[in-house]
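Note: the block below is protein_7.cif and it holds mmCIF, C-alpha atoms.
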```cif
data_start
#
loop_
_atom_site.group_PDB
_atom_site.id
_atom_site.type_symbol
_atom_site.label_atom_id
_atom_site.label_comp_id
_atom_site.auth_asym_id
_atom_site.auth_seq_id
_atom_site.Cartn_x
_atom_site.Cartn_y
_atom_site.Cartn_z
ATOM 1 C CA MET S 11 0.000 0.000 0.000
ATOM 2 C CA LYS S 12 2.804 2.410 0.942
ATOM 3 C CA LYS S 13 4.600 1.641 -2.337
ATOM 4 C CA THR S 14 1.409 2.305 -4.307
ATOM 5 C CA LEU S 15 0.853 5.653 -2.583
ATOM 6 C CA SER S 16 4.498 6.605 -3.114
ATOM 7 C CA CYS S 17 4.172 5.843 -6.843
ATOM 8 C CA ILE S 18 0.970 7.880 -7.121
ATOM 9 C CA PHE S 19 2.549 10.909 -5.402
ATOM 10 C CA ALA S 20 5.682 10.586 -7.552
ATOM 11 C CA ILE S 21 3.607 10.526 -10.752
ATOM 12 C CA MET S 22 1.493 13.491 -9.607
ATOM 13 C CA PHE S 23 4.617 15.488 -8.767
ATOM 14 C CA ALA S 24 6.220 14.634 -12.131
ATOM 15 C CA ILE S 25 3.100 15.663 -14.077
ATOM 16 C CA ASN S 26 2.824 18.894 -12.110
ATOM 17 C CA SER S 27 6.522 19.658 -12.571
ATOM 18 C CA PHE S 28 6.381 19.358 -16.350
ATOM 19 C CA ALA S 29 2.927 20.867 -16.908
ATOM 20 C CA THR S 30 2.950 23.905 -19.165
ATOM 21 C CA PRO S 31 1.561 27.065 -17.568
ATOM 22 C CA GLN S 32 -1.432 28.411 -19.491
ATOM 23 C CA MET S 33 -1.244 31.803 -21.170
ATOM 24 C CA PRO S 34 -3.427 34.175 -19.151
ATOM 25 C CA ASN S 35 -6.320 36.147 -20.545
ATOM 26 C CA ILE S 36 -5.945 39.925 -20.311
ATOM 27 C CA ILE S 37 -8.012 42.567 -18.533
ATOM 28 C CA ILE S 38 -7.500 46.326 -18.884
ATOM 29 C CA ILE S 39 -8.263 48.548 -15.882
ATOM 30 C CA ASP S 40 -7.609 52.298 -16.024
ATOM 31 C CA GLY S 41 -5.382 51.804 -19.062
ATOM 32 C CA LYS S 42 -3.218 49.172 -17.340
ATOM 33 C CA ALA S 43 -3.033 45.551 -18.529
ATOM 34 C CA TRP S 44 -3.450 42.824 -15.907
ATOM 35 C CA SER S 45 -3.260 39.050 -16.312
ATOM 36 C CA LEU S 46 -6.494 37.221 -15.514
ATOM 37 C CA PHE S 47 -5.691 34.060 -13.530
ATOM 38 C CA SER S 48 -9.085 32.941 -12.305
ATOM 39 C CA THR S 49 -11.579 31.002 -14.405
ATOM 40 C CA GLU S 50 -12.364 32.877 -17.588
ATOM 41 C CA PRO S 51 -15.867 34.419 -17.312
ATOM 42 C CA ILE S 52 -17.077 32.890 -20.619
ATOM 43 C CA ARG S 53 -16.497 29.377 -19.263
ATOM 44 C CA GLU S 54 -18.933 30.032 -16.415
ATOM 45 C CA ASP S 55 -21.820 29.759 -18.887
ATOM 46 C CA SER S 56 -21.359 26.332 -20.475
ATOM 47 C CA ALA S 57 -23.882 26.940 -23.290
ATOM 48 C CA LEU S 58 -22.298 30.273 -24.191
ATOM 49 C CA PHE S 59 -18.818 28.759 -24.064
ATOM 50 C CA SER S 60 -19.838 25.836 -26.321
ATOM 51 C CA GLN S 61 -21.382 28.191 -28.893
ATOM 52 C CA MET S 62 -18.292 30.383 -28.899
ATOM 53 C CA MET S 63 -15.902 27.433 -29.270
ATOM 54 C CA ALA S 64 -17.957 26.121 -32.199
ATOM 55 C CA SER S 65 -17.672 29.499 -33.936
ATOM 56 C CA LEU S 66 -13.865 29.756 -33.719
ATOM 57 C CA PRO S 67 -11.797 28.939 -36.813
ATOM 58 C CA LYS S 68 -10.718 25.307 -37.055
ATOM 59 C CA ASP S 69 -7.244 26.295 -38.245
ATOM 60 C CA ARG S 70 -6.417 28.271 -35.119
ATOM 61 C CA VAL S 71 -3.253 27.205 -33.323
ATOM 62 C CA ILE S 72 -3.765 25.149 -30.170
ATOM 63 C CA LYS S 73 -0.681 24.783 -27.977
ATOM 64 C CA SER S 74 0.108 23.129 -24.672
ATOM 65 C CA SER S 75 0.273 26.672 -23.276
ATOM 66 C CA ASN S 76 -3.141 27.552 -24.739
ATOM 67 C CA TRP S 77 -5.547 24.608 -24.728
ATOM 68 C CA ASN S 78 -8.501 26.573 -26.108
ATOM 69 C CA GLY S 79 -6.540 28.255 -28.876
ATOM 70 C CA TYR S 80 -7.506 31.841 -28.021
ATOM 71 C CA ILE S 81 -6.911 34.702 -25.595
ATOM 72 C CA SER S 82 -9.829 36.812 -24.416
ATOM 73 C CA TYR S 83 -9.413 40.533 -23.745
ATOM 74 C CA TRP S 84 -11.543 42.217 -21.099
ATOM 75 C CA SER S 85 -11.872 45.628 -19.508
ATOM 76 C CA ILE S 86 -13.598 47.333 -16.611
ATOM 77 C CA LYS S 87 -15.467 50.460 -17.665
ATOM 78 C CA LYS S 88 -17.944 52.282 -15.448
ATOM 79 C CA ASP S 89 -17.729 49.361 -13.016
ATOM 80 C CA CYS S 90 -18.870 46.911 -15.705
ATOM 81 C CA LEU S 91 -16.945 43.841 -16.892
ATOM 82 C CA ARG S 92 -16.742 44.009 -20.682
ATOM 83 C CA LEU S 93 -15.562 41.467 -23.233
ATOM 84 C CA ASP S 94 -13.580 43.468 -25.807
ATOM 85 C CA SER S 95 -12.113 40.863 -28.142
ATOM 86 C CA ILE S 96 -11.111 37.254 -28.695
ATOM 87 C CA GLN S 97 -7.702 36.803 -30.303
ATOM 88 C CA MET S 98 -6.304 33.698 -31.990
ATOM 89 C CA ILE S 99 -3.237 32.624 -33.910
ATOM 90 C CA ILE S 100 -4.177 31.210 -37.309
ATOM 91 C CA TYR S 101 -1.811 28.885 -39.171
ATOM 92 C CA ASN S 102 -1.648 29.157 -42.966
ATOM 93 C CA ARG S 103 -0.588 25.706 -44.194
ATOM 94 C CA GLU S 104 0.146 26.871 -47.743
ATOM 95 C CA LYS S 105 2.498 29.651 -46.665
ATOM 96 C CA GLY S 106 3.680 27.872 -43.518
ATOM 97 C CA LYS S 107 3.133 31.055 -41.522
ATOM 98 C CA GLU S 108 1.131 32.145 -38.513
ATOM 99 C CA ARG S 109 -0.926 35.306 -38.190
ATOM 100 C CA THR S 110 -2.879 36.897 -35.345
ATOM 101 C CA GLU S 111 -6.596 37.366 -35.913
ATOM 102 C CA CYS S 112 -9.508 38.591 -33.795
ATOM 103 C CA LEU S 113 -12.962 37.064 -33.886
ATOM 104 C CA ASP S 114 -15.121 39.238 -36.150
ATOM 105 C CA LYS S 115 -17.041 41.916 -34.217
ATOM 106 C CA SER S 116 -20.330 41.093 -35.956
ATOM 107 C CA LYS S 117 -19.905 37.409 -35.046
ATOM 108 C CA MET S 118 -19.180 38.393 -31.449
ATOM 109 C CA ARG S 119 -22.299 40.563 -31.280
ATOM 110 C CA LYS S 120 -24.352 37.662 -32.625
ATOM 111 C CA LEU S 121 -22.862 35.192 -30.130
ATOM 112 C CA PHE S 122 -23.377 37.535 -27.184
ATOM 113 C CA LYS S 123 -26.524 39.255 -28.480
ATOM 114 C CA GLY S 124 -28.282 39.058 -25.115
ATOM 115 C CA TYR S 125 -25.425 40.959 -23.486
ATOM 116 C CA THR S 126 -24.681 43.676 -26.035
ATOM 117 C CA LYS S 127 -25.098 47.303 -24.998
ATOM 118 C CA ASN S 128 -23.862 50.405 -26.862
ATOM 119 C CA ASN S 129 -21.695 48.238 -29.164
ATOM 120 C CA GLY S 130 -20.069 46.608 -26.143
ATOM 121 C CA ILE S 131 -20.497 43.192 -24.534
ATOM 122 C CA ILE S 132 -21.296 43.355 -20.808
ATOM 123 C CA ALA S 133 -20.666 40.065 -18.978
ATOM 124 C CA LYS S 134 -24.015 40.030 -17.159
ATOM 125 C CA TRP S 135 -23.973 36.218 -17.180
ATOM 126 C CA PHE S 136 -21.000 36.240 -14.780
ATOM 127 C CA THR S 137 -21.117 36.352 -10.990
ATOM 128 C CA GLY S 138 -17.985 35.449 -9.063
ATOM 129 C CA THR S 139 -14.495 36.580 -8.102
ATOM 130 C CA LEU S 140 -11.764 37.416 -10.590
ATOM 131 C CA ARG S 141 -8.121 37.128 -9.560
ATOM 132 C CA ILE S 142 -5.914 39.438 -11.585
ATOM 133 C CA ALA S 143 -2.205 40.115 -11.273
ATOM 134 C CA CYS S 144 0.711 42.132 -12.597
ATOM 135 C CA GLY S 145 4.335 42.786 -11.746
ATOM 136 C CA GLU S 146 7.061 40.285 -10.966
ATOM 137 C CA ARG S 147 6.214 36.628 -10.421
ATOM 138 C CA ILE S 148 7.529 35.807 -6.968
ATOM 139 C CA ARG S 149 6.393 32.201 -6.603
ATOM 140 C CA ASN S 150 6.742 29.326 -9.063
ATOM 141 C CA GLU S 151 3.747 28.637 -11.347
ATOM 142 C CA HIS S 152 3.585 24.926 -10.521
ATOM 143 C CA LEU S 153 3.423 25.608 -6.807
ATOM 144 C CA GLY S 154 0.602 28.081 -7.275
ATOM 145 C CA ALA S 155 1.899 31.305 -8.796
ATOM 146 C CA ALA S 156 1.973 34.531 -6.827
ATOM 147 C CA TYR S 157 2.708 37.925 -8.334
ATOM 148 C CA GLU S 158 3.939 41.196 -6.903
ATOM 149 C CA TYR S 159 0.558 42.878 -7.250
ATOM 150 C CA GLU S 160 -2.763 41.042 -7.118
ATOM 151 C CA THR S 161 -6.372 42.176 -7.047
ATOM 152 C CA LEU S 162 -9.566 40.301 -6.287
ATOM 153 C CA LEU S 163 -12.603 41.694 -8.081
ATOM 154 C CA SER S 164 -16.041 40.673 -6.828
ATOM 155 C CA ILE S 165 -18.444 40.646 -9.773
ATOM 156 C CA GLU S 166 -22.222 40.381 -9.607
ATOM 157 C CA LYS S 167 -24.050 39.980 -12.921
ATOM 158 C CA GLY S 168 -21.231 41.749 -14.750
ATOM 159 C CA ARG S 169 -20.864 44.640 -12.317
ATOM 160 C CA VAL S 170 -17.897 45.190 -9.972
ATOM 161 C CA THR S 171 -19.186 45.290 -6.392
ATOM 162 C CA LYS S 172 -15.907 45.085 -4.475
ATOM 163 C CA ARG S 173 -12.178 45.381 -5.085
ATOM 164 C CA ASN S 174 -9.365 44.180 -2.806
ATOM 165 C CA ASP S 175 -5.795 45.092 -3.772
ATOM 166 C CA TYR S 176 -2.744 43.288 -2.406
ATOM 167 C CA GLN S 177 1.026 43.494 -2.633
ATOM 168 C CA ASN S 178 2.791 40.161 -2.199
ATOM 169 C CA LYS S 179 6.373 39.887 -1.059
ATOM 170 C CA VAL S 180 8.812 37.248 0.101
ATOM 171 C CA PHE S 181 10.623 38.014 3.328
ATOM 172 C CA ASP S 182 14.352 38.696 2.987
ATOM 173 C CA GLY S 183 16.502 35.586 3.113
ATOM 174 C CA TYR S 184 13.805 33.172 1.963
ATOM 175 C CA SER S 185 12.890 31.807 -1.438
ATOM 176 C CA PHE S 186 10.398 29.495 -3.146
ATOM 177 C CA ASP S 187 13.103 28.211 -5.505
ATOM 178 C CA SER S 188 14.616 25.647 -3.127
ATOM 179 C CA THR S 189 14.403 21.978 -4.073
ATOM 180 C CA ASP S 190 13.617 21.172 -0.434
ATOM 181 C CA LEU S 191 9.935 22.030 -0.741
ATOM 182 C CA SER S 192 8.855 21.005 2.765
ATOM 183 C CA THR S 193 11.449 23.250 4.448
ATOM 184 C CA ASN S 194 10.868 25.935 1.879
ATOM 185 C CA TYR S 195 7.128 26.152 2.515
ATOM 186 C CA LYS S 196 7.715 26.504 6.239
ATOM 187 C CA LYS S 197 10.195 29.336 5.819
ATOM 188 C CA ALA S 198 8.945 31.283 2.804
ATOM 189 C CA LEU S 199 6.074 33.514 3.767
ATOM 190 C CA LEU S 200 3.952 35.769 1.630
ATOM 191 C CA SER S 201 2.734 39.004 3.109
ATOM 192 C CA LYS S 202 -0.441 40.350 1.567
ATOM 193 C CA GLU S 203 -0.547 44.075 2.168
ATOM 194 C CA LYS S 204 -3.127 46.496 0.886
ATOM 195 C CA PHE S 205 -1.629 48.687 -1.791
ATOM 196 C CA SER S 206 -4.724 50.674 -2.749
ATOM 197 C CA ASP S 207 -2.875 53.885 -2.088
ATOM 198 C CA MET S 208 0.023 52.849 -4.309
ATOM 199 C CA ILE S 209 -1.890 52.542 -7.608
#
```
Hey, can you dump this file as structure tokens for me?
Amino acid sequence: MKKTLSCIFAIMFAINSFATPQMPNIIIIDGKAWSLFSTEPIREDSALFSQMMASLPKDRVIKSSNWNGYISYWSIKKDCLRLDSIQMIIYNREKGKERTECLDKSKMRKLFKGYTKNNGIIAKWFTGTLRIACGERIRNEHLGAAYEYETLLSIEKGRVTKRNDYQNKVFDGYSFDSTDLSTNYKKALLSKEKFSDMI
């Protein structure tokens, strides 16, 4: 039994160690680009997500770092979460070249017709918390990435109801890069400090 459990943990650790981090979606707030690390809002509505995936070009590039083959771009305007564009890399087999392409605006309006307002798409289908980040990555992706600046946005039916800003830091003399993970976790501490006044 102990040998079986040891094998399972070894396999899980190996898979986790070699897993490719996913490219984050992007959200723009006050002109600043943040990486979106929580579940993408479109995926929260399974029917909407299925329709959108069916409408994407079949020749888009799907990589281990981008399983869905697209990056979504969002913004917060007037406290509303807006879907601005969906960007893909398309591979031209004849020319052997890649090009970047956005999903056609008219197709997007048709897909999200119940959520379109003033030529924009408001994510009224989404209620939840978005974790966004920017700055230096201070903890390894496979251990659960942490970034210098992080924000939690509480969203209710597409509207921002609360915002918590944090600054993460590693105390001097400690690191998450050690191969001795058990000791490392005990010693390396993250301090989450409000940095609302800093941005």
Q) List as a VMD selection string: which residues have an atom within 10 Å of (-9.0, 52.7, -13.5), counting only C-alpha atoms? A) chain S and resid 38 to 42 85 to 89 209
(Q) Ranking S:Met62, S:Met33, S:Ala57, S:Leu162 by minimum distance to Ser74 in chain S and counting all atoms listed in the file, which one comes first? (A)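 The closest residue to Ser74 in chain S is S:Met33.
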Q.
Considering only C-alpha atoms, can you say which of S:Ser164, S:Gln97, S:Asn178, S:Asn76 comes closest to Arg109 in chain S?
A.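 Nearest candidate to Arg109 in chain S out of S:Ser164, S:Gln97, S:Asn178, S:Asn76: S:Gln97.
Matched in the shown structure by the PyMOL selection byres ((chain S and resi 44) around 10): S:Pro34, S:Asn35, S:Ile36, S:Ile37, S:Ile38, S:Ile39, S:Gly41, S:Lys42, S:Ala43, S:Ser45, S:Leu46, S:Phe47, S:Trp84, S:Ser85, S:Arg141, S:Ile142, S:Ala143, S:Cys144, S:Gly145, S:Tyr159, S:Glu160, S:Thr161.
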Skip Ser116 in chain S itself and residues of its chain fewer than 5 positions away, then list as a short mmCIF file (atom, residue, chain, number, x, y, z; two decimals) with C-alpha atoms, in the coordinates of the input all residues within 12 Å of it, counting all atoms listed in the file.
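What landed in part00.cif:
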```cif
data_model
loop_
_atom_site.label_atom_id
_atom_site.label_comp_id
_atom_site.auth_asym_id
_atom_site.auth_seq_id
_atom_site.Cartn_x
_atom_site.Cartn_y
_atom_site.Cartn_z
CA SER S 95 -12.11 40.86 -28.14
CA LEU S 121 -22.86 35.19 -30.13
CA PHE S 122 -23.38 37.53 -27.18
CA LYS S 123 -26.52 39.26 -28.48
CA THR S 126 -24.68 43.68 -26.04
CA ASN S 129 -21.70 48.24 -29.16
CA GLY S 130 -20.07 46.61 -26.14
CA ILE S 131 -20.50 43.19 -24.53
#
```
(Q) Ranking S:Arg169, S:Thr49, S:Ser65, S:Ser75 by minimum distance to Trp135 in chain S and counting all atoms listed in the file, which one comes first? (A)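 The answer is S:Arg169, which sits nearest to Trp135 in chain S.
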**Q.** Atom pair CA of Ile132 in chain S / CA of Arg92 in chain S: separation (Å)
**A.**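 We find that CA of Ile132 in chain S and CA of Arg92 in chain S lie 4.6 Å from each other.
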Reference answer for the PyMOL selection byres ((chain S and resi 58) around 12), as an mmCIF file with C-alpha atoms, keeping the file's coordinate frame:
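That gives us expr.cif:
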```cif
data_model
loop_
_atom_site.group_PDB
_atom_site.id
_atom_site.type_symbol
_atom_site.label_atom_id
_atom_site.label_comp_id
_atom_site.auth_asym_id
_atom_site.auth_seq_id
_atom_site.Cartn_x
_atom_site.Cartn_y
_atom_site.Cartn_z
ATOM 1 C CA PRO S 51 -15.867 34.419 -17.312
ATOM 2 C CA ILE S 52 -17.077 32.890 -20.619
ATOM 3 C CA ARG S 53 -16.497 29.377 -19.263
ATOM 4 C CA GLU S 54 -18.933 30.032 -16.415
ATOM 5 C CA ASP S 55 -21.820 29.759 -18.887
ATOM 6 C CA SER S 56 -21.359 26.332 -20.475
ATOM 7 C CA ALA S 57 -23.882 26.940 -23.290
ATOM 8 C CA PHE S 59 -18.818 28.759 -24.064
ATOM 9 C CA SER S 60 -19.838 25.836 -26.321
ATOM 10 C CA GLN S 61 -21.382 28.191 -28.893
ATOM 11 C CA MET S 62 -18.292 30.383 -28.899
ATOM 12 C CA MET S 63 -15.902 27.433 -29.270
ATOM 13 C CA ALA S 64 -17.957 26.121 -32.199
ATOM 14 C CA SER S 65 -17.672 29.499 -33.936
ATOM 15 C CA MET S 118 -19.180 38.393 -31.449
ATOM 16 C CA LYS S 120 -24.352 37.662 -32.625
ATOM 17 C CA LEU S 121 -22.862 35.192 -30.130
ATOM 18 C CA PHE S 122 -23.377 37.535 -27.184
ATOM 19 C CA LYS S 123 -26.524 39.255 -28.480
ATOM 20 C CA GLY S 124 -28.282 39.058 -25.115
ATOM 21 C CA TYR S 125 -25.425 40.959 -23.486
ATOM 22 C CA ALA S 133 -20.666 40.065 -18.978
ATOM 23 C CA TRP S 135 -23.973 36.218 -17.180
ATOM 24 C CA PHE S 136 -21.000 36.240 -14.780
#
```
**Q.** CA of Ile148 in chain S to CA of Leu163 in chain S, straight-line distance in Å
**A.** 21.0 Å
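In this structure, CA of Asp94 in chain S sits 11.3 Å away from CA of Asp114 in chain S.
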Q: Can you turn the PyMOL selection byres ((chain S and resi 101) around 10) into a concrete residue list for this file, as a ChimeraX atom specification?
A: /S:68-72,98-100,102-110
Q. So, counting all atoms listed in the file, which residue among S:Val170, S:Ile96, S:Leu66, S:Leu113 is closest to Leu140 in chain S?
A.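 So, comparing all the options, the nearest one is S:Val170.
When only C-alpha atoms are used to measure the gap to Glu146 in chain S, the shortest distance among S:Asn128, S:Cys90, S:Glu158, S:Ser82 belongs to S:Glu158.
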